[in-house]
Each structure stands twice: as C-alpha cells, then as structure tokens.
$ cat protein27.cif   # mmCIF, C-alpha atoms
data_structure
loop_
_atom_site.label_atom_id
_atom_site.label_comp_id
_atom_site.auth_asym_id
_atom_site.auth_seq_id
_atom_site.Cartn_x
_atom_site.Cartn_y
_atom_site.Cartn_z
CA MET V 610 -19.73 15.37 5.82
CA THR V 611 -16.31 16.92 6.41
CA ILE V 612 -13.12 15.27 5.19
CA PRO V 613 -11.79 14.44 8.70
CA HIS V 614 -15.11 12.75 9.49
CA MET V 615 -14.97 10.75 6.28
CA VAL V 616 -11.37 9.72 7.00
CA ASP V 617 -12.31 8.57 10.51
CA GLU V 618 -15.33 6.69 9.28
CA MET V 619 -13.49 4.93 6.47
CA THR V 620 -10.56 4.10 8.74
CA ALA V 621 -12.88 2.52 11.29
CA ARG V 622 -14.56 0.45 8.58
CA LEU V 623 -11.26 -0.66 7.03
CA ARG V 624 -9.86 -1.56 10.45
CA GLN V 625 -12.92 -3.57 11.38
CA GLU V 626 -12.88 -5.42 8.04
CA ALA V 627 -9.14 -6.03 8.23
CA GLU V 628 -9.10 -7.33 11.79
CA SER V 629 -12.10 -9.59 11.22
CA ARG V 630 -10.32 -11.19 8.25
CA GLY V 631 -6.88 -11.69 9.71
CA TYR V 632 -5.30 -8.55 8.28
CA HIS V 633 -3.95 -5.50 10.10
CA LEU V 634 -3.82 -1.77 9.39
CA ASN V 635 -0.54 0.04 10.00
CA PRO V 636 -0.21 0.83 13.74
CA ASP V 637 1.05 4.32 12.79
CA ALA V 638 -2.18 6.35 13.02
CA ASP V 639 -0.75 9.31 11.06
CA ALA V 640 0.24 7.01 8.23
CA VAL V 641 -3.21 5.42 8.07
CA ASN V 642 -4.82 8.85 8.21
CA ALA V 643 -2.76 10.10 5.25
CA LEU V 644 -3.37 6.95 3.21
CA VAL V 645 -7.11 6.88 3.82
CA GLU V 646 -7.24 10.56 2.86
CA GLY V 647 -5.45 9.62 -0.37
CA LEU V 648 -7.98 6.85 -1.02
CA LEU V 649 -10.82 9.34 -0.50
CA VAL V 650 -9.18 11.80 -2.92
CA ASN V 651 -8.96 9.02 -5.51
CA ILE V 652 -12.59 7.97 -4.96
CA GLU V 653 -13.57 11.61 -5.45
CA ARG V 654 -11.59 12.18 -8.66
CA TYR V 655 -11.63 8.71 -10.26
CA GLY V 656 -14.71 7.11 -8.74
CA TYR V 657 -12.81 4.20 -7.21
CA PRO V 658 -10.22 3.68 -4.45
CA SER V 659 -7.02 3.25 -6.44
CA CYS V 660 -3.78 2.97 -4.50
CA PRO V 661 -2.71 6.41 -3.22
CA CYS V 662 0.93 5.55 -3.95
CA ARG V 663 0.43 4.61 -7.60
CA LEU V 664 -0.44 6.73 -10.63
CA SER V 665 -3.90 6.36 -12.11
CA PHE V 666 -5.12 7.68 -15.45
CA GLY V 667 -8.69 7.29 -14.21
CA GLU V 668 -9.41 4.23 -16.38
CA LYS V 669 -10.85 1.65 -14.02
CA ASP V 670 -10.23 -1.32 -16.33
CA ASP V 671 -6.52 -0.47 -16.30
CA ASP V 672 -6.50 -0.09 -12.52
CA LEU V 673 -8.35 -3.20 -11.33
CA ASP V 674 -5.08 -4.60 -9.96
CA ILE V 675 -4.43 -1.48 -7.87
CA LEU V 676 -7.88 -1.00 -6.33
CA CYS V 677 -7.30 -1.11 -2.59
CA PRO V 678 -6.72 -3.79 -1.36
CA CYS V 679 -4.52 -4.38 -4.41
CA ASP V 680 -3.59 -7.66 -6.09
CA TYR V 681 -0.09 -7.32 -4.66
CA ARG V 682 -0.96 -6.80 -0.98
CA ASP V 683 -0.67 -10.35 0.29
CA ALA V 684 2.60 -11.11 -1.48
CA ASP V 685 4.09 -7.85 -0.17
CA LEU V 686 2.87 -8.61 3.37
CA ASP V 687 4.67 -11.93 3.09
CA ASP V 688 7.90 -10.57 1.66
CA HIS V 689 8.14 -7.10 3.20
CA GLY V 690 5.74 -6.99 6.18
CA ALA V 691 3.66 -4.27 4.55
CA CYS V 692 1.74 -3.63 1.36
CA TYR V 693 3.18 -1.17 -1.18
CA CYS V 694 1.64 1.93 0.42
CA ALA V 695 1.89 0.37 3.93
CA LEU V 696 -1.81 0.73 4.77
CA TYR V 697 -1.78 -2.98 5.57
CA VAL V 698 0.98 -4.60 7.60
CA SER V 699 1.89 -8.10 8.76
CA ALA V 700 1.15 -9.35 12.28
CA ALA V 701 4.84 -8.85 13.14
CA VAL V 702 4.74 -5.18 12.18
CA HIS V 703 1.36 -4.76 13.84
CA ASN V 704 2.63 -6.06 17.18
CA GLY V 705 5.78 -3.97 16.94
CA SER V 706 8.35 -6.76 16.55
CA GLU V 707 9.20 -5.61 13.01
CA GLU V 708 9.28 -2.19 11.38
CA VAL V 709 7.79 -0.95 8.13
CA VAL V 710 10.39 -0.59 5.39
CA PRO V 711 9.83 0.85 1.89
CA VAL V 712 8.34 -1.84 -0.35
CA PRO V 713 9.62 -2.18 -3.94
CA GLU V 714 7.00 -2.00 -6.70
CA ARG V 715 5.74 -5.48 -7.56
CA ARG V 716 3.23 -4.32 -10.18
CA PRO V 717 4.59 -5.20 -13.63
CA PRO V 718 5.52 -2.31 -15.97
CA SER V 719 2.49 -1.13 -18.01
CA GLU V 720 3.43 -2.98 -21.20
CA GLU V 721 3.66 -6.31 -19.33
CA ARG V 722 0.37 -6.12 -17.44
CA GLY V 723 -2.48 -8.51 -18.12
CA LYS V 724 -0.24 -11.00 -19.86
CA ALA V 725 -0.32 -13.68 -17.15
CA GLU V 726 -0.79 -17.04 -18.75
CA THR V 727 -2.06 -20.33 -17.44
CA THR V 728 -0.11 -23.40 -18.36
CA THR V 729 -1.95 -25.99 -20.43
CA GLY V 730 -3.57 -28.63 -18.26
CA GLY V 731 -2.38 -27.01 -15.03
CA PHE V 732 -2.81 -23.98 -12.84
CA SER V 733 -0.99 -20.68 -12.96
CA HIS V 734 -0.47 -20.80 -9.17
CA PRO V 735 -0.25 -23.43 -6.41
CA VAL V 736 -3.60 -24.04 -4.69
CA HIS V 737 -3.68 -24.14 -0.87
CA ARG V 738 -6.49 -25.56 1.27
CA CYS V 739 -7.44 -24.59 4.80
CA LYS V 740 -7.78 -27.89 6.61
CA VAL V 741 -10.23 -26.34 9.06
CA CYS V 742 -12.83 -24.79 6.78
CA GLY V 743 -11.84 -25.94 3.31
CA TYR V 744 -11.11 -22.44 1.99
CA LEU V 745 -9.08 -22.67 -1.20
CA CYS V 746 -6.70 -20.04 -2.49
CA ALA V 747 -4.46 -19.97 -5.53
CA ARG V 748 -1.28 -18.05 -4.67
CA GLU V 749 2.37 -18.71 -3.89
CA THR V 750 1.85 -19.25 -0.14
CA PRO V 751 -1.20 -19.52 2.14
CA PRO V 752 -2.30 -16.27 3.87
CA GLU V 753 -1.06 -15.57 7.41
CA LYS V 754 -4.56 -16.34 8.64
CA CYS V 755 -7.46 -18.02 6.91
CA PRO V 756 -9.79 -15.15 5.93
CA ILE V 757 -12.82 -17.38 6.50
CA CYS V 758 -12.16 -19.12 9.81
CA MET V 759 -9.11 -17.15 11.00
CA VAL V 760 -6.84 -20.12 11.72
CA GLY V 761 -3.11 -19.70 11.10
CA ARG V 762 -1.10 -20.43 7.98
CA GLU V 763 0.19 -23.68 9.42
CA ARG V 764 -3.27 -25.21 9.16
CA PHE V 765 -3.14 -25.09 5.35
CA GLU V 766 -2.20 -27.96 3.10
CA ARG V 767 -1.14 -27.97 -0.54
CA PHE V 768 -4.24 -28.89 -2.57
CA ALA V 769 -3.04 -28.66 -6.18
CA MET C 1322 11.19 29.43 5.04
CA ILE C 1323 10.97 27.37 1.86
CA LYS C 1324 11.02 29.39 -1.34
CA GLU C 1325 8.95 27.81 -4.10
CA THR C 1326 8.42 29.01 -7.66
CA SER C 1327 6.84 27.11 -10.52
CA VAL C 1328 8.07 26.33 -14.02
CA CYS C 1329 6.28 24.48 -16.84
CA ILE C 1330 8.22 21.98 -18.97
CA CYS C 1331 6.48 19.80 -21.58
CA HIS C 1332 3.01 19.80 -19.95
CA MET C 1333 4.67 19.20 -16.60
CA GLU C 1334 4.39 21.98 -14.07
CA PHE C 1335 7.40 21.74 -11.77
CA VAL C 1336 7.63 23.52 -8.47
CA LYS C 1337 11.14 24.78 -7.80
CA VAL C 1338 12.31 24.63 -4.20
CA ASP C 1339 15.33 26.74 -3.31
CA GLY C 1340 18.28 25.40 -1.34
CA ASP C 1341 21.87 24.26 -1.76
CA ASP C 1342 22.80 23.61 -5.38
CA LEU C 1343 23.80 19.94 -5.69
CA GLY C 1344 22.92 19.63 -9.35
CA ASP C 1345 19.62 19.14 -11.14
CA ILE C 1346 17.51 17.23 -8.61
CA VAL C 1347 14.03 16.29 -9.87
CA LEU C 1348 11.38 14.62 -7.73
CA TYR C 1349 8.44 12.85 -9.37
CA ALA C 1350 5.73 12.49 -6.74
CA LEU C 1351 2.04 11.83 -6.14
CA SER C 1352 0.07 14.25 -3.99
CA THR C 1353 -1.77 11.35 -2.31
CA CYS C 1354 1.34 9.28 -1.56
CA ARG C 1355 2.73 9.27 1.93
CA TRP C 1356 6.20 8.06 0.88
CA CYS C 1357 6.32 10.87 -1.68
CA ARG C 1358 5.41 13.38 1.01
CA LYS C 1359 8.17 12.08 3.29
CA THR C 1360 10.67 12.32 0.43
CA LYS C 1361 9.61 15.87 -0.37
CA GLU C 1362 9.87 16.89 3.29
CA LEU C 1363 13.31 15.32 3.65
CA LEU C 1364 14.66 17.15 0.58
CA ALA C 1365 13.39 20.39 2.07
CA ASP C 1366 14.77 19.58 5.54
CA LEU C 1367 18.18 18.86 4.00
CA ASN C 1368 17.94 22.20 2.17
CA ILE C 1369 18.53 20.58 -1.21
CA ARG C 1370 17.57 22.73 -4.21
CA HIS C 1371 15.21 20.70 -6.37
CA ARG C 1372 12.08 20.78 -8.46
CA TYR C 1373 9.13 18.48 -7.96
CA VAL C 1374 5.93 17.64 -9.78
CA PHE C 1375 2.76 15.98 -8.50
CA VAL C 1376 2.16 13.75 -11.49
CA ASP C 1377 -1.37 12.79 -10.39
CA GLN C 1378 -2.40 16.44 -10.68
CA LEU C 1379 -1.30 16.72 -14.33
CA ASP C 1380 -3.60 16.25 -17.32
CA LYS C 1381 -3.36 13.04 -19.34
CA GLU C 1382 -0.69 14.46 -21.64
CA GLY C 1383 1.38 15.56 -18.66
CA LYS C 1384 1.01 12.17 -16.97
CA ASN C 1385 2.18 10.44 -20.15
CA ARG C 1386 5.17 12.76 -20.46
CA ALA C 1387 6.12 12.15 -16.85
CA MET C 1388 5.84 8.37 -17.25
CA VAL C 1389 8.02 8.47 -20.38
CA GLU C 1390 10.65 10.47 -18.48
CA MET C 1391 10.47 8.21 -15.43
CA GLU C 1392 10.55 4.97 -17.40
CA LYS C 1393 13.77 6.13 -19.09
CA HIS C 1394 15.36 5.72 -15.68
CA ASP C 1395 13.40 2.81 -14.27
CA ARG C 1396 10.87 0.57 -15.99
CA SER C 1397 8.65 0.28 -12.91
CA GLY C 1398 7.87 4.01 -13.15
CA SER C 1399 7.18 3.94 -9.41
CA PHE C 1400 6.81 6.87 -7.02
CA PRO C 1401 8.55 8.68 -5.48
CA MET C 1402 11.44 8.90 -7.92
CA ILE C 1403 14.38 11.29 -7.59
CA VAL C 1404 16.46 11.84 -10.73
CA ILE C 1405 19.85 13.41 -10.22
CA ASP C 1406 21.42 15.28 -13.16
CA GLY C 1407 19.29 13.24 -15.53
CA LYS C 1408 21.11 10.00 -14.78
CA ASP C 1409 21.23 8.72 -11.20
CA VAL C 1410 17.97 7.58 -9.63
CA ILE C 1411 16.70 7.11 -6.09
CA LYS C 1412 13.59 4.92 -6.17
CA GLY C 1413 11.22 5.12 -3.25
CA PHE C 1414 11.71 6.81 0.12
CA LYS C 1415 15.31 5.66 0.72
CA GLU C 1416 16.19 7.90 3.61
CA ASP C 1417 19.87 6.93 3.76
CA GLU C 1418 20.39 7.48 0.04
CA ILE C 1419 18.69 10.86 0.17
CA ARG C 1420 20.80 11.90 3.16
CA ARG C 1421 23.96 10.79 1.31
CA LEU C 1422 22.87 12.99 -1.58
CA ALA C 1423 23.08 16.01 0.71
CA LYS C 1424 26.73 15.18 1.46
CA ARG C 1425 27.84 15.13 -2.17
#
$ encode --input "protein27.cif" --output "structure tokens"
Amino acid sequence: MTIPHMVDEMTARLRQEAESRGYHLNPDADAVNALVEGLLVNIERYGYPSCPCRLSFGEKDDDLDILCPCDYRDADLDDHGACYCALYVSAAVHNGSEEVVPVPERRPPSEERGKAETTTGGFSHPVHRCKVCGYLCARETPPEKCPICMVGRERFERFA
Amino acid sequence: MIKETSVCICHMEFVKVDGDDLGDIVLYALSTCRWCRKTKELLADLNIRHRYVFVDQLDKEGKNRAMVEMEKHDRSGSFPMIVIDGKDVIKGFKEDEIRRLAKR
C-alpha cells in the first residue's frame, strides 16, 4: 500500500475513533495529514506510534507516555485547546470558535519521569464519576465528554 | 533558491541554510514534527542564515549529544528549539518571536 493510502486510511480510523469517543481531530486537514504521516514514520522505524513532535530513542518502555494518544492529551486539550502536536483539538477549536496555539511541553524532563507517587491512604488524583453511566476517571478534571456514554462534563460528580 | 550545505559537529550533522547573517542561529528539529517544519520554513522565508538538524534522524550518540545541548538551554528539551548565539532560546513555533529575530 502506498504512503498516501496509508495516511488516508489511518486518518479515517483515528477520526472515527475520536468522534465516537467525544474527541476531535484538528479541522486543518493538512496538519492532520502531516501528523499522521509522522505517526506512520514512527511506526515504521520504532514499531509503535510515538508522538511525531517528540524525540524517541526507540525504547518503547521509555515512550509509553508519548504513544499517541499520549498521557498528556486530555490535560492539554483542557488548558490549550489542543494536544502537544495538535492532532487532537477541543470542541471549541473543532467548531472554529477558538484557534490552535502552540502548546508548551507538559512531559516532565527525562530525569523526572516515572517518579509520580501516590500519597499514603489516598489517591494521586481526584476521581470523577459520570452520573449517567458510572464511568470513573482519575484526573484533575472530568473529560469534555464521557468517553463511554458521550454526555458532557457537567454530568460528572466528584467521586473521591 | 535556498542554498543548503551540510556540516558535522559532534555526531550531529547540521544542514547550513544561507541567508542574512544575524548571528549563529541553530534549529533543533524533528523531521516528523509539523511545528518544526513550520519553524524551518519561516526561517527560510525570512532569509535568516541558520543551521538545522533533524535530531530524530541521528544515531543514538547524536541524539544524546543533541539532548545535552538542548537541555543546557531548556530542561524540557522540547522541539522545535532555536538557539541564538549559544544563549537566547526560542522554544516552539513562536511566530512573533521568530519574526522579531529577523528585525535584529
């Protein structure tokens, strides 16, 4: 299969998966094209889809946090309206009411990675519960939409 | 017409791009990164003489050298990074900052 075909096929799959789970790909088709091509290059040379905008040494265990979609996507969507590479964007960017701006790197410097600690007797993050389907997520804020039942953020309650 | 030549420094193969001499302008970039590509294109459009390296295309030694150099300037070691005369840094595709650079 030729590269353009693979890019189109992967883009269609990512778009379908994103939209069905309450996420959005960047409305800029050229941007998505370039990023998906980057992901394909990384799959080819490393064997996994590491972020096209971050450096990989080809060691998967060191890159688990930057496999697309990366660990930092949702927080960056919340704070900046786009993930680090801007493959994924918020609803506001998707519908054109906000623009994509460069997103600062949220990934900790290499020597600080993997040192996240849980506090004794508690959780490392707040836990949010979707009041519609019971989906639980441990992160700073609930997602824009519940990835299970697609209801909005406002339907979440603090669980723990 | 962009004139490019290549030079190898410490396992890092830099591509030199001719243009107006505004000092030693170094761009650390990834070949797969769209923001890096935009930065590279803007430097060329502004006719700024610089050298760039696609760090992802280096061997492990070269990648390590590049990260050491980059982390001297910014601990995040994020791409794209422009280093000006070995001291000032533009992190990410900051179009306004890059355009200001051309007016130095």
$ interface_residues --input "protein27.cif" --of "chain V" --to "chain C" --cutoff "9 Å" --atoms "all atoms listed in the file" --output "count of residues only"
25
$ resolve_selection --input "protein27.cif" --expression "the PyMOL selection byres ((chain V and resi 751) around 10)" --output "mmCIF file with C-alpha atoms, keeping the file's coordinate frame"
data_model
loop_
_atom_site.group_PDB
_atom_site.id
_atom_site.type_symbol
_atom_site.label_atom_id
_atom_site.label_comp_id
_atom_site.auth_asym_id
_atom_site.auth_seq_id
_atom_site.Cartn_x
_atom_site.Cartn_y
_atom_site.Cartn_z
ATOM 1 C CA ASP V 683 -0.670 -10.350 0.290
ATOM 2 C CA ALA V 684 2.600 -11.110 -1.480
ATOM 3 C CA ASP V 687 4.670 -11.930 3.090
ATOM 4 C CA PRO V 735 -0.250 -23.430 -6.410
ATOM 5 C CA VAL V 736 -3.600 -24.040 -4.690
ATOM 6 C CA HIS V 737 -3.680 -24.140 -0.870
ATOM 7 C CA ARG V 738 -6.490 -25.560 1.270
ATOM 8 C CA CYS V 739 -7.440 -24.590 4.800
ATOM 9 C CA LEU V 745 -9.080 -22.670 -1.200
ATOM 10 C CA CYS V 746 -6.700 -20.040 -2.490
ATOM 11 C CA ALA V 747 -4.460 -19.970 -5.530
ATOM 12 C CA ARG V 748 -1.280 -18.050 -4.670
ATOM 13 C CA GLU V 749 2.370 -18.710 -3.890
ATOM 14 C CA THR V 750 1.850 -19.250 -0.140
ATOM 15 C CA PRO V 752 -2.300 -16.270 3.870
ATOM 16 C CA GLU V 753 -1.060 -15.570 7.410
ATOM 17 C CA LYS V 754 -4.560 -16.340 8.640
ATOM 18 C CA CYS V 755 -7.460 -18.020 6.910
ATOM 19 C CA GLY V 761 -3.110 -19.700 11.100
ATOM 20 C CA ARG V 762 -1.100 -20.430 7.980
ATOM 21 C CA GLU V 763 0.190 -23.680 9.420
ATOM 22 C CA ARG V 764 -3.270 -25.210 9.160
ATOM 23 C CA PHE V 765 -3.140 -25.090 5.350
ATOM 24 C CA GLU V 766 -2.200 -27.960 3.100
ATOM 25 C CA ARG V 767 -1.140 -27.970 -0.540
#
$ atom_distance --input "protein27.cif" --atom1 "atom CA of Val616 of chain V" --atom2 "atom CA of Ala638 of chain V"
11.5 Å
$ closest_residue --input "protein27.cif" --among "C:Glu1334, C:Asp1342, C:Glu1390, C:Asp1409" --to "Ile1369 of chain C" --atoms "only C-alpha atoms"
C:Asp1342
$ closest_residue --input "protein27.cif" --among "V:Gly731, V:Gly705, V:Pro658, V:Gly667" --to "Asn635 of chain V" --atoms "all atoms listed in the file"
V:Gly705
$ closest_residue --input "protein27.cif" --among "V:Cys742, V:Val710, V:Asp685, V:Pro678" --to "Glu626 of chain V" --atoms "all atoms listed in the file"
V:Pro678
$ resolve_selection --input "protein27.cif" --expression "the PyMOL selection byres ((chain V and resi 634) around 12)" --output "PyMOL selection string"
chain V and resi 620-633+635-642+644-645+678+682+686+690-692+694-704+709
$ atom_distance --input "protein27.cif" --atom1 "atom CA of Asp617 of chain V" --atom2 "atom CA of Tyr657 of chain V"
18.3 Å
$ atom_distance --input "protein27.cif" --atom1 "atom CA of Ser659 of chain V" --atom2 "atom CA of His1394 of chain C"
24.3 Å
$ resolve_selection --input "protein27.cif" --expression "the PyMOL selection byres ((chain C and resi 1368) around 8)" --output "list in words"
Asp1339, Gly1340, Asp1341, Leu1364, Ala1365, Asp1366, Leu1367, Ile1369 and Arg1370 of chain C
$ write_last_selection --input "protein27.cif" --atoms "C-alpha atoms" --output "CSV table (one decimal), in the frame of the given file"
chain,number,residue,atom,x,y,z
C,1339,ASP,CA,15.3,26.7,-3.3
C,1340,GLY,CA,18.3,25.4,-1.3
C,1341,ASP,CA,21.9,24.3,-1.8
C,1364,LEU,CA,14.7,17.2,0.6
C,1365,ALA,CA,13.4,20.4,2.1
C,1366,ASP,CA,14.8,19.6,5.5
C,1367,LEU,CA,18.2,18.9,4.0
C,1369,ILE,CA,18.5,20.6,-1.2
C,1370,ARG,CA,17.6,22.7,-4.2
$ residues_around --input "protein27.cif" --residues "Glu1382 of chain C" --least-positions-apart "4" --cutoff "10 Å" --atoms "only C-alpha atoms" --output "list in words"
Cys1331, His1332, Met1333, Arg1386, Ala1387 and Met1388 of chain C
$ axis_aligned_box --input "protein27.cif" --around "segment 1403-1406 of chain C" --padding-each-side "3 Å" --output "lines of an AutoDock Vina configuration file"
center_x = 17.9
center_y = 13.3
center_z = -10.4
size_x = 13.0
size_y = 10.0
size_z = 11.6
$ closest_residue --input "protein27.cif" --among "V:Met615, V:Asp670, V:Tyr693, V:Arg654" --to "Arg722 of chain V" --atoms "all atoms listed in the file"
V:Asp670
$ decode --input "protein27.cif" --residues "segment 611-666 of chain V" --atoms "C-alpha atoms" --output "compact mmCIF listing (two decimals), in the first residue's frame"
# COMPACT_ATOMS: atom_id res chain seq x y z
CA THR V 611 1.31 3.47 -0.83
CA ILE V 612 2.03 6.05 1.87
CA PRO V 613 -0.83 8.42 0.86
CA HIS V 614 -3.25 5.48 1.06
CA MET V 615 -1.96 4.51 4.48
CA VAL V 616 -2.25 8.12 5.68
CA ASP V 617 -5.84 8.34 4.44
CA GLU V 618 -6.77 5.02 5.98
CA MET V 619 -5.22 5.80 9.35
CA THR V 620 -6.74 9.28 9.39
CA ALA V 621 -10.20 7.87 8.72
CA ARG V 622 -9.78 5.34 11.53
CA LEU V 623 -8.46 7.92 14.01
CA ARG V 624 -11.27 10.32 13.11
CA GLN V 625 -13.92 7.68 13.54
CA GLU V 626 -12.47 6.58 16.89
CA ALA V 627 -12.07 10.15 18.08
CA GLU V 628 -15.56 11.31 17.15
CA SER V 629 -17.21 8.21 18.63
CA ARG V 630 -15.47 8.89 21.95
CA GLY V 631 -16.04 12.60 22.28
CA TYR V 632 -12.68 13.73 20.91
CA HIS V 633 -11.92 15.68 17.75
CA LEU V 634 -9.12 15.69 15.19
CA ASN V 635 -7.70 19.04 14.10
CA PRO V 636 -10.00 20.59 11.46
CA ASP V 637 -6.88 21.57 9.47
CA ALA V 638 -6.63 18.66 7.01
CA ASP V 639 -3.02 19.46 6.04
CA ALA V 640 -1.99 19.41 9.69
CA VAL V 641 -3.66 16.06 10.30
CA ASN V 642 -2.10 14.68 7.13
CA ALA V 643 1.40 15.71 8.22
CA LEU V 644 0.94 14.37 11.75
CA VAL V 645 -0.49 11.03 10.65
CA GLU V 646 2.41 10.70 8.22
CA GLY V 647 4.75 11.33 11.16
CA LEU V 648 2.99 8.64 13.19
CA LEU V 649 3.39 6.20 10.29
CA VAL V 650 7.10 7.03 10.03
CA ASN V 651 7.46 6.32 13.75
CA ILE V 652 5.54 3.03 13.49
CA GLU V 653 7.85 2.06 10.65
CA ARG V 654 11.12 2.90 12.41
CA TYR V 655 10.26 2.24 16.08
CA GLY V 656 7.39 -0.22 15.84
CA TYR V 657 4.95 1.98 17.73
CA PRO V 658 3.16 5.31 17.17
CA SER V 659 5.19 7.67 19.31
CA CYS V 660 4.34 11.37 19.16
CA PRO V 661 5.68 12.89 15.92
CA CYS V 662 6.60 16.07 17.81
CA ARG V 663 8.70 14.38 20.48
CA LEU V 664 12.08 12.65 20.30
CA SER V 665 12.15 8.88 20.67
CA PHE V 666 15.19 6.69 21.21
